[in-house]
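Let me begin by presenting the structure, written as structure tokens, before commenting on it.
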Amino acid sequence: MNIYARAIIAGFVATVVLSALMLIKGAMGLMPQLNVIAMLAHMIGFGGPAIGWLAHFLIGTVAWGVLFALLYASLPGSEPVVKGMVFAVGPWLLMMIIIMPLAGAGFFGLKLDIMAPVMTLILHLIWGAVLGFVYKALPGTEQPAGTVA
């Protein structure tokens, strides 16, 4: 299996886990104002929750999954889970400084609650751990030409 297929599968599995945790968070009534799907749908401007979910899965599966695979060899850490968690800090930071303000939640989502950056960091770290674990567990070790080894 080539690295792109591994990356997309790992990104999808990690995003499924993250999504399940987001749904559990919502069902428990924890920070209902922190609804990333609604934020994405609002930013896109049409389609409601279905478009928010689609964007969430495309970003987590394809964009971040493939970038993780391309950077895998250069990420610090010797364990795939650690590499995934280190990588996950990047998407979290981008969410905090770009997505949250664009969605009206302020820098680091602080208009929502002081717990917004903490909760989203924890969720991203779990996502990254799953991403790294699944990516390394899948068969295939080829690196594409031009990637950092």
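Each chain of the structure tokens is named A, B, ... in the order shown, its residues numbered from 1; ligands are numbered from 1 in display order.
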
* To do: Compile the contact shell of segment 126-132 of chain A as a VMD selection string: residues with an atom at most 8 Å away, counting only C-alpha atoms, same-chain residues fewer than 3 positions apart removed.
  => chain A and resid 10 to 11 13 to 15 17 to 18 65 80 to 88 122 to 123 135 to 136

Got a sec: who's within 12 Å of Met22 of chain A, counting only C-alpha atoms, leaving out chain neighbours fewer than 6 positions off, as a tab-separated table (two decimals) with N, CA and C atoms, in the first residue's frame?
```
chain	number	residue	atom	x	y	z
A	15	THR	N	-10.16	10.66	12.22
A	15	THR	CA	-11.26	11.62	12.18
A	15	THR	C	-12.57	10.99	12.66
A	16	VAL	N	-12.76	9.71	12.41
A	16	VAL	CA	-13.93	9.00	12.95
A	16	VAL	C	-13.87	9.00	14.48
A	28	MET	N	-23.16	14.80	26.18
A	28	MET	CA	-22.99	15.02	27.62
A	28	MET	C	-23.27	16.46	28.01
A	29	GLY	N	-23.48	17.32	27.02
A	29	GLY	CA	-23.75	18.72	27.31
A	29	GLY	C	-22.51	19.52	27.66
A	30	LEU	N	-21.33	18.99	27.36
A	30	LEU	CA	-20.08	19.70	27.66
A	30	LEU	C	-19.81	20.75	26.59
A	31	MET	N	-19.71	21.97	27.00
A	31	MET	CA	-19.42	23.09	26.12
A	31	MET	C	-20.22	23.05	24.82
A	32	PRO	N	-21.53	23.13	24.90
A	32	PRO	CA	-22.34	23.09	23.68
A	32	PRO	C	-22.01	24.23	22.72
A	34	LEU	N	-19.12	25.06	21.84
A	34	LEU	CA	-17.98	24.62	21.04
A	34	LEU	C	-18.46	23.53	20.08
A	35	ASN	N	-19.03	23.97	18.97
A	35	ASN	CA	-19.57	23.06	17.96
A	35	ASN	C	-18.81	23.32	16.65
A	36	VAL	N	-17.75	22.56	16.45
A	36	VAL	CA	-16.87	22.77	15.30
A	36	VAL	C	-17.62	22.56	13.99
A	37	ILE	N	-18.53	21.62	13.95
A	37	ILE	CA	-19.28	21.34	12.72
A	37	ILE	C	-20.13	22.55	12.35
A	38	ALA	N	-20.81	23.13	13.33
A	38	ALA	CA	-21.61	24.33	13.08
A	38	ALA	C	-20.72	25.49	12.66
A	53	TRP	N	-19.90	18.65	8.34
A	53	TRP	CA	-19.32	17.32	8.53
A	53	TRP	C	-18.43	16.94	7.35
A	56	HIS	N	-15.20	18.81	7.67
A	56	HIS	CA	-14.45	18.23	8.80
A	56	HIS	C	-13.74	16.95	8.36
A	119	MET	N	-9.86	21.91	25.63
A	119	MET	CA	-10.64	20.77	25.13
A	119	MET	C	-10.26	20.42	23.70
A	120	THR	N	-10.09	21.45	22.86
A	120	THR	CA	-9.72	21.17	21.48
A	120	THR	C	-8.31	20.60	21.38
A	122	ILE	N	-6.87	18.64	23.66
A	122	ILE	CA	-6.99	17.23	24.07
A	122	ILE	C	-7.56	16.39	22.93
A	123	LEU	N	-8.60	16.89	22.28
A	123	LEU	CA	-9.20	16.16	21.16
A	123	LEU	C	-8.21	16.01	20.00
A	124	HIS	N	-7.44	17.06	19.71
A	124	HIS	CA	-6.44	16.97	18.65
A	124	HIS	C	-5.33	15.99	19.01
A	126	ILE	N	-5.59	13.32	20.85
A	126	ILE	CA	-6.15	11.98	20.66
A	126	ILE	C	-6.20	11.65	19.17
A	127	TRP	N	-6.66	12.61	18.38
A	127	TRP	CA	-6.71	12.44	16.92
A	127	TRP	C	-5.31	12.10	16.39
```

* So what do you get for atom CA of Val62 of chain A versus atom CA of Gly77 of chain A, distance-wise? ->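 Separation of atom CA of Val62 of chain A and atom CA of Gly77 of chain A: 22.9 Å.
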
Going by DSSP on the backbone, which residues of chain A come out as helix (DSSP H, G or I)? List them as a CSV table (one decimal) with C-alpha atoms, in the first residue's frame.
```csv
chain,number,residue,atom,x,y,z
A,3,ILE,CA,1.8,6.2,1.7
A,4,TYR,CA,-1.1,8.2,0.3
A,5,ALA,CA,-3.5,5.4,0.7
A,6,ARG,CA,-2.1,4.7,4.2
A,7,ALA,CA,-2.4,8.5,5.0
A,8,ILE,CA,-6.0,8.8,3.9
A,9,ILE,CA,-7.0,5.6,5.7
A,10,ALA,CA,-5.2,6.7,8.9
A,11,GLY,CA,-6.7,10.2,8.6
A,12,PHE,CA,-10.2,8.8,8.1
A,13,VAL,CA,-9.9,6.5,11.2
A,14,ALA,CA,-8.5,9.3,13.3
A,15,THR,CA,-11.3,11.6,12.2
A,16,VAL,CA,-13.9,9.0,13.0
A,17,VAL,CA,-12.5,8.7,16.5
A,18,LEU,CA,-12.4,12.5,16.9
A,19,SER,CA,-16.0,12.8,15.5
A,20,ALA,CA,-17.2,10.2,18.0
A,21,LEU,CA,-15.6,12.1,20.8
A,22,MET,CA,-17.2,15.3,19.6
A,23,LEU,CA,-20.6,13.6,19.5
A,24,ILE,CA,-20.1,12.2,23.0
A,25,LYS,CA,-19.0,15.7,24.2
A,26,GLY,CA,-22.2,17.1,22.8
A,27,ALA,CA,-24.4,14.4,24.2
A,36,VAL,CA,-16.9,22.8,15.3
A,37,ILE,CA,-19.3,21.3,12.7
A,38,ALA,CA,-21.6,24.3,13.1
A,39,MET,CA,-18.6,26.7,12.9
A,40,LEU,CA,-17.4,25.1,9.7
A,41,ALA,CA,-20.9,25.2,8.1
A,42,HIS,CA,-21.2,28.8,9.1
A,43,MET,CA,-17.9,29.7,7.6
A,44,ILE,CA,-18.7,27.9,4.4
A,48,GLY,CA,-25.8,23.4,7.1
A,49,PRO,CA,-24.4,20.5,9.3
A,50,ALA,CA,-24.0,18.1,6.3
A,51,ILE,CA,-21.5,20.5,4.7
A,52,GLY,CA,-19.8,21.1,8.1
A,53,TRP,CA,-19.3,17.3,8.5
A,54,LEU,CA,-18.1,16.9,5.0
A,55,ALA,CA,-15.5,19.7,5.4
A,56,HIS,CA,-14.5,18.2,8.8
A,57,PHE,CA,-13.8,14.8,7.2
A,58,LEU,CA,-12.1,16.1,4.1
A,59,ILE,CA,-9.7,18.3,6.2
A,60,GLY,CA,-9.0,15.5,8.8
A,61,THR,CA,-8.8,12.7,6.3
A,62,VAL,CA,-7.2,14.1,3.2
A,63,ALA,CA,-5.4,17.4,4.0
A,64,TRP,CA,-4.0,16.5,7.4
A,65,GLY,CA,-3.6,12.8,6.7
A,66,VAL,CA,-1.5,13.3,3.6
A,67,LEU,CA,0.6,16.1,5.2
A,68,PHE,CA,1.3,13.8,8.1
A,69,ALA,CA,2.5,11.1,5.8
A,70,LEU,CA,4.8,13.5,3.9
A,71,LEU,CA,6.3,14.9,7.2
A,72,TYR,CA,6.3,11.5,9.1
A,73,ALA,CA,10.0,10.8,8.8
A,74,SER,CA,11.0,14.3,9.9
A,80,PRO,CA,4.2,6.6,15.7
A,81,VAL,CA,1.8,7.8,18.4
A,82,VAL,CA,4.2,10.5,19.6
A,83,LYS,CA,4.8,11.6,16.0
A,84,GLY,CA,1.1,11.8,15.5
A,85,MET,CA,0.6,13.9,18.7
A,86,VAL,CA,3.4,16.2,17.8
A,87,PHE,CA,1.9,16.7,14.3
A,88,ALA,CA,-1.5,17.3,15.8
A,89,VAL,CA,-0.3,20.4,17.5
A,90,GLY,CA,0.0,22.1,14.1
A,91,PRO,CA,-3.6,21.6,13.0
A,92,TRP,CA,-4.7,22.6,16.5
A,93,LEU,CA,-2.7,25.9,16.4
A,94,LEU,CA,-4.1,26.7,12.9
A,95,MET,CA,-7.6,26.0,14.3
A,96,MET,CA,-7.0,28.3,17.2
A,97,ILE,CA,-5.5,31.2,15.3
A,98,ILE,CA,-7.4,31.0,12.0
A,99,ILE,CA,-10.6,29.0,12.2
A,100,MET,CA,-11.8,30.1,15.6
A,101,PRO,CA,-11.5,33.8,14.9
A,102,LEU,CA,-13.1,33.4,11.4
A,107,PHE,CA,-8.4,34.0,19.1
A,108,PHE,CA,-8.0,30.5,20.6
A,109,GLY,CA,-11.8,30.3,20.9
A,115,MET,CA,-11.8,25.6,28.3
A,116,ALA,CA,-12.2,25.8,24.5
A,117,PRO,CA,-8.4,25.7,23.7
A,118,VAL,CA,-7.8,23.0,26.3
A,119,MET,CA,-10.6,20.8,25.1
A,120,THR,CA,-9.7,21.2,21.5
A,121,LEU,CA,-6.1,20.4,22.3
A,122,ILE,CA,-7.0,17.2,24.1
A,123,LEU,CA,-9.2,16.2,21.2
A,124,HIS,CA,-6.4,17.0,18.6
A,125,LEU,CA,-3.9,15.0,20.7
A,126,ILE,CA,-6.2,12.0,20.7
A,127,TRP,CA,-6.7,12.4,16.9
A,128,GLY,CA,-2.9,12.6,16.4
A,129,ALA,CA,-2.3,9.5,18.5
A,130,VAL,CA,-4.8,7.5,16.5
A,131,LEU,CA,-3.4,9.0,13.2
A,132,GLY,CA,0.1,7.9,14.0
A,133,PHE,CA,-0.9,4.5,15.3
A,134,VAL,CA,-3.0,3.6,12.4
A,135,TYR,CA,-0.6,5.0,9.8
A,136,LYS,CA,2.3,2.9,11.1
A,137,ALA,CA,0.1,-0.2,11.6
```

* Rounded to one decimal place, report the atom CA of Gln33 of chain A-atom CA of Lys111 of chain A distance in Å. =>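 Computed distance, atom CA of Gln33 of chain A to atom CA of Lys111 of chain A, equals 9.8 Å.
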